[in-house]
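Undergrad: Right, I'll just put the structure down here and ask away after.
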Amino acid sequence: MNKKNKLKIGIDIDDVIVNFIEPFLYFYNKKFKDNKNLSDCTSYHFSDCFKITKEKEFFLIEEFNCKKFHELELIEEFKNKINFLFKNYEVFFITARPLSIKEKTERFFEKSLKNKKYTIIYSVNYHYNNSYEGKSKVEICKSLGLSYFIEDNQYNALDCAKKGIKTFLINKPWNNNCENHNNLIKVDNWDEIMENLKNESGNN
Ligand SMILES: [Mg+2]
């Protein structure tokens with residue numbers, strides 16, 4: 001494929017390429033002497049599944065980001081997909097992470113994806129409705145002209161699918177009641193994403 005004509009792929013960060021939920025649960029359980037696990041996370045928002053306020057959720061995530069950010073790591077099974085992705089696609093990371101951890105996020109990427117060319121774009125965040133450029137992920141994905149998007153949030157995934165973007169939704173306890181759509185491909189892991197991408201582009 002001609003370099004200039006590379007298709008564009010958008011990839012969410014947390015719980016798509018970075019394992020966020022497990023370190024967060026560990027932090028939460030330690031702080032509150034609780035025993036929450038992955039199957040308790042049946043909503044994208046901790047405030048819903050842990051029955052806490054939206055404010056408390058906000059402060060917990062802030063505290064985690066402040067004290068435990070260094071515990072975040074790339075998901076193991078993503079690592080050996082990196083070369084294929086960068087060889088075949090123009091890569092955009094599209095995240096709702098708050099700008100308060102923009103620098104940390106960028107340092108993490110510089111360290112984890114050495115010598116790779118990518119763009120990180122910050123979408124509007126649930127806790128800061130009026131901040132940033134106010135763009136939702138679907139608006140960002142559409143304006144970039146993405147061919148593919150990979151996400152664990154069912155609402156963003158479905159919005160993108162409805163806009164004509166082939167979207168992979170990684171199955172998680174918080175998205176398993178997502179409605180179906182022709183452009184939405186539900187997958188369990190990165191191996192399945194790769195299989196689909198390779199089939200589509202004839203790159204296998
Ligand atoms: Mg995510």
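Convention: chains lettered A, B, ... in structure tokens order; per-chain residue numbering from 1; ligands numbered from 1 as shown.
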Please check which protein, DNA or RNA residues sit within 7 Å of ligand 1, counting only C-alpha atoms and all ligand atoms, and write them as a PyMOL selection string.

TA: chain A and resi 12-16+151-153

Undergrad: Can you write just those residues out, C-alpha atoms, as a tab-separated table (two decimals), in the first residue's frame?

TA:
```
chain	number	residue	atom	x	y	z
A	12	ASP	CA	-8.97	4.59	22.33
A	13	ILE	CA	-6.39	4.36	25.13
A	14	ASP	CA	-7.79	3.12	28.44
A	15	ASP	CA	-8.83	-0.51	28.49
A	16	VAL	CA	-8.04	-0.75	24.80
A	151	GLU	CA	-13.09	1.44	21.54
A	152	ASP	CA	-14.42	-0.10	24.75
A	153	ASN	CA	-17.18	2.49	25.34
```

Undergrad: So that I can check the surroundings of segment 23-26 of chain A, please list as a list in words every protein, DNA and RNA residue that reaches within 7 Å of it, counting only C-alpha atoms and ignoring chain neighbours fewer than 5 positions away.

TA: Lys36, Asn37, Phe64 and Glu71 of chain A

Undergrad: Point out the residue among A:Ile121, A:Asn176, A:Lys67, A:His181 with the least atom-to-atom distance to Cys41 of chain A, counting only C-alpha atoms.

TA: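 Residue with the minimum atom-to-atom distance to Cys41 of chain A: A:Asn176.
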
Undergrad: Taking the chain letters and numbering used in this document, name the residues of segment 54-136 of chain A that DSSP puts in strand (DSSP E), as a list in words.

TA: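 Residues meeting the strand (DSSP E) criterion: Tyr89, Glu90, Val91, Phe92, Phe93, Ile94, Thr95, Tyr118, Thr119, Ile120, Ile121 and Tyr122 of chain A.
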
Undergrad: Would you please extract all helix (DSSP H, G or I) residues from chain A, as assigned by DSSP on the backbone, and give them as a ChimeraX atom specification?

TA: /A:3-5,21-32,38-40,46-49,54-67,69-71,76-79,82-88,99-112,137-144,154-162,190-201

Undergrad: For the selection you just gave me, I'd like the residues written to a file as a PDB file, in the first residue's frame, keeping C-alpha atoms.

TA:
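Written file, selection-v6.pdb:
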```pdb
ATOM      1  CA  LYS A   3       2.431   5.303   2.148  1.00  0.00           C
ATOM      2  CA  LYS A   4       0.481   8.402   1.171  1.00  0.00           C
ATOM      3  CA  ASN A   5      -2.733   6.431   0.973  1.00  0.00           C
ATOM      4  CA  ILE A  21      -9.412  -1.035  35.145  1.00  0.00           C
ATOM      5  CA  GLU A  22      -7.302  -3.548  37.039  1.00  0.00           C
ATOM      6  CA  PRO A  23      -4.886  -1.100  38.675  1.00  0.00           C
ATOM      7  CA  PHE A  24      -7.835   1.164  39.403  1.00  0.00           C
ATOM      8  CA  LEU A  25      -9.761  -1.635  41.132  1.00  0.00           C
ATOM      9  CA  TYR A  26      -6.689  -2.523  43.147  1.00  0.00           C
ATOM     10  CA  PHE A  27      -6.376   1.121  44.240  1.00  0.00           C
ATOM     11  CA  TYR A  28     -10.095   1.331  45.044  1.00  0.00           C
ATOM     12  CA  ASN A  29     -10.190  -1.902  47.038  1.00  0.00           C
ATOM     13  CA  LYS A  30      -7.131  -0.960  49.024  1.00  0.00           C
ATOM     14  CA  LYS A  31      -8.478   2.502  49.801  1.00  0.00           C
ATOM     15  CA  PHE A  32     -11.935   1.328  50.889  1.00  0.00           C
ATOM     16  CA  LEU A  38     -14.046  -6.766  36.965  1.00  0.00           C
ATOM     17  CA  SER A  39     -17.505  -8.331  36.851  1.00  0.00           C
ATOM     18  CA  ASP A  40     -18.788  -5.570  39.166  1.00  0.00           C
ATOM     19  CA  PHE A  46     -17.860   3.876  38.461  1.00  0.00           C
ATOM     20  CA  SER A  47     -20.520   6.159  39.909  1.00  0.00           C
ATOM     21  CA  ASP A  48     -23.178   3.838  38.446  1.00  0.00           C
ATOM     22  CA  CYS A  49     -21.702   0.461  39.249  1.00  0.00           C
ATOM     23  CA  LYS A  54     -20.250  11.507  40.148  1.00  0.00           C
ATOM     24  CA  GLU A  55     -18.124  13.905  42.266  1.00  0.00           C
ATOM     25  CA  LYS A  56     -16.599  11.052  44.220  1.00  0.00           C
ATOM     26  CA  GLU A  57     -15.852   9.214  41.010  1.00  0.00           C
ATOM     27  CA  PHE A  58     -14.139  12.317  39.673  1.00  0.00           C
ATOM     28  CA  PHE A  59     -11.942  12.706  42.772  1.00  0.00           C
ATOM     29  CA  LEU A  60     -11.056   9.013  42.833  1.00  0.00           C
ATOM     30  CA  ILE A  61      -9.911   9.075  39.230  1.00  0.00           C
ATOM     31  CA  GLU A  62      -7.944  12.269  39.911  1.00  0.00           C
ATOM     32  CA  GLU A  63      -6.305  10.655  42.931  1.00  0.00           C
ATOM     33  CA  PHE A  64      -5.513   7.522  40.992  1.00  0.00           C
ATOM     34  CA  ASN A  65      -4.020   9.554  38.144  1.00  0.00           C
ATOM     35  CA  CYS A  66      -1.989  11.571  40.599  1.00  0.00           C
ATOM     36  CA  LYS A  67      -0.630   8.695  42.700  1.00  0.00           C
ATOM     37  CA  PHE A  69      -0.431   6.653  36.974  1.00  0.00           C
ATOM     38  CA  HIS A  70       2.981   4.982  36.882  1.00  0.00           C
ATOM     39  CA  GLU A  71       1.272   1.605  37.346  1.00  0.00           C
ATOM     40  CA  GLU A  76       0.434  -7.290  26.732  1.00  0.00           C
ATOM     41  CA  GLU A  77      -1.415  -8.644  23.699  1.00  0.00           C
ATOM     42  CA  PHE A  78      -1.344  -5.217  22.036  1.00  0.00           C
ATOM     43  CA  LYS A  79       2.449  -5.051  22.027  1.00  0.00           C
ATOM     44  CA  ILE A  82       2.190  -2.355  17.121  1.00  0.00           C
ATOM     45  CA  ASN A  83       4.455  -2.873  14.118  1.00  0.00           C
ATOM     46  CA  PHE A  84       1.626  -4.108  11.917  1.00  0.00           C
ATOM     47  CA  LEU A  85      -0.600  -1.176  12.858  1.00  0.00           C
ATOM     48  CA  PHE A  86       2.018   1.483  12.241  1.00  0.00           C
ATOM     49  CA  LYS A  87       3.165  -0.114   8.994  1.00  0.00           C
ATOM     50  CA  ASN A  88      -0.328  -0.220   7.543  1.00  0.00           C
ATOM     51  CA  LEU A  99      -5.928  17.370  30.100  1.00  0.00           C
ATOM     52  CA  SER A 100      -4.575  17.275  33.672  1.00  0.00           C
ATOM     53  CA  ILE A 101      -2.702  14.102  32.656  1.00  0.00           C
ATOM     54  CA  LYS A 102      -1.844  15.184  29.113  1.00  0.00           C
ATOM     55  CA  GLU A 103       1.866  15.501  29.852  1.00  0.00           C
ATOM     56  CA  LYS A 104       2.029  12.189  31.687  1.00  0.00           C
ATOM     57  CA  THR A 105       0.142  10.561  28.840  1.00  0.00           C
ATOM     58  CA  GLU A 106       2.527  11.968  26.269  1.00  0.00           C
ATOM     59  CA  ARG A 107       5.586  10.854  28.221  1.00  0.00           C
ATOM     60  CA  PHE A 108       4.074   7.382  28.520  1.00  0.00           C
ATOM     61  CA  PHE A 109       3.575   7.209  24.751  1.00  0.00           C
ATOM     62  CA  GLU A 110       7.081   8.487  23.997  1.00  0.00           C
ATOM     63  CA  LYS A 111       8.460   5.738  26.187  1.00  0.00           C
ATOM     64  CA  SER A 112       6.117   2.973  25.013  1.00  0.00           C
ATOM     65  CA  LYS A 137     -15.167  11.178  19.946  1.00  0.00           C
ATOM     66  CA  VAL A 138     -17.587  10.660  17.086  1.00  0.00           C
ATOM     67  CA  GLU A 139     -17.063  14.231  15.875  1.00  0.00           C
ATOM     68  CA  ILE A 140     -13.306  13.744  16.044  1.00  0.00           C
ATOM     69  CA  CYS A 141     -13.422  10.382  14.277  1.00  0.00           C
ATOM     70  CA  LYS A 142     -15.657  11.736  11.532  1.00  0.00           C
ATOM     71  CA  SER A 143     -13.597  14.866  10.924  1.00  0.00           C
ATOM     72  CA  LEU A 144     -10.394  12.823  10.713  1.00  0.00           C
ATOM     73  CA  GLN A 154     -20.315   1.199  23.661  1.00  0.00           C
ATOM     74  CA  TYR A 155     -21.886   4.625  23.194  1.00  0.00           C
ATOM     75  CA  ASN A 156     -18.911   6.083  21.379  1.00  0.00           C
ATOM     76  CA  ALA A 157     -18.529   2.871  19.401  1.00  0.00           C
ATOM     77  CA  LEU A 158     -22.144   2.816  18.281  1.00  0.00           C
ATOM     78  CA  ASP A 159     -22.100   6.535  17.392  1.00  0.00           C
ATOM     79  CA  CYS A 160     -19.046   5.977  15.199  1.00  0.00           C
ATOM     80  CA  ALA A 161     -20.538   2.866  13.589  1.00  0.00           C
ATOM     81  CA  LYS A 162     -23.693   4.830  12.753  1.00  0.00           C
ATOM     82  CA  TRP A 190      -6.583  -7.734  19.835  1.00  0.00           C
ATOM     83  CA  ASP A 191      -6.045 -11.018  18.015  1.00  0.00           C
ATOM     84  CA  GLU A 192      -9.603 -10.808  16.700  1.00  0.00           C
ATOM     85  CA  ILE A 193      -9.113  -7.184  15.667  1.00  0.00           C
ATOM     86  CA  MET A 194      -5.985  -8.148  13.743  1.00  0.00           C
ATOM     87  CA  GLU A 195      -7.740 -11.010  12.025  1.00  0.00           C
ATOM     88  CA  ASN A 196     -10.491  -8.665  10.839  1.00  0.00           C
ATOM     89  CA  LEU A 197      -8.105  -5.936   9.700  1.00  0.00           C
ATOM     90  CA  LYS A 198      -5.940  -8.391   7.816  1.00  0.00           C
ATOM     91  CA  ASN A 199      -8.934  -9.931   6.098  1.00  0.00           C
ATOM     92  CA  GLU A 200     -10.175  -6.518   5.050  1.00  0.00           C
ATOM     93  CA  SER A 201      -6.946  -5.180   3.673  1.00  0.00           C
TER      94      SER A 201
END
```

Undergrad: Just give me the gap between atom CA of Tyr148 of chain A and atom CA of Trp174 of chain A in Å, one decimal is fine.

TA: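 It comes out at 21.4 Å.
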
Undergrad: Any idea what the distance is between atom CA of Thr119 of chain A and atom CA of Phe92 of chain A?

TA: 4.8 Å

Undergrad: Quick one: pull the distance between atom CA of Ile75 of chain A and atom CA of Val187 of chain A, Å, one decimal.

TA: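 Going from atom CA of Ile75 of chain A over to atom CA of Val187 of chain A, I get 15.4 Å.
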
Undergrad: Using only C-alpha atoms, can you tell me which of A:Ile9, A:Cys178, A:Leu146, A:Leu184 comes closest to Thr42 of chain A?

TA: A:Cys178

Undergrad: Of the candidates A:Gly164, A:Gly134, A:Pro173, A:Gly145, which shows the shortest atom-to-atom distance to Ala96 of chain A, using only C-alpha atoms?

TA: A:Gly134
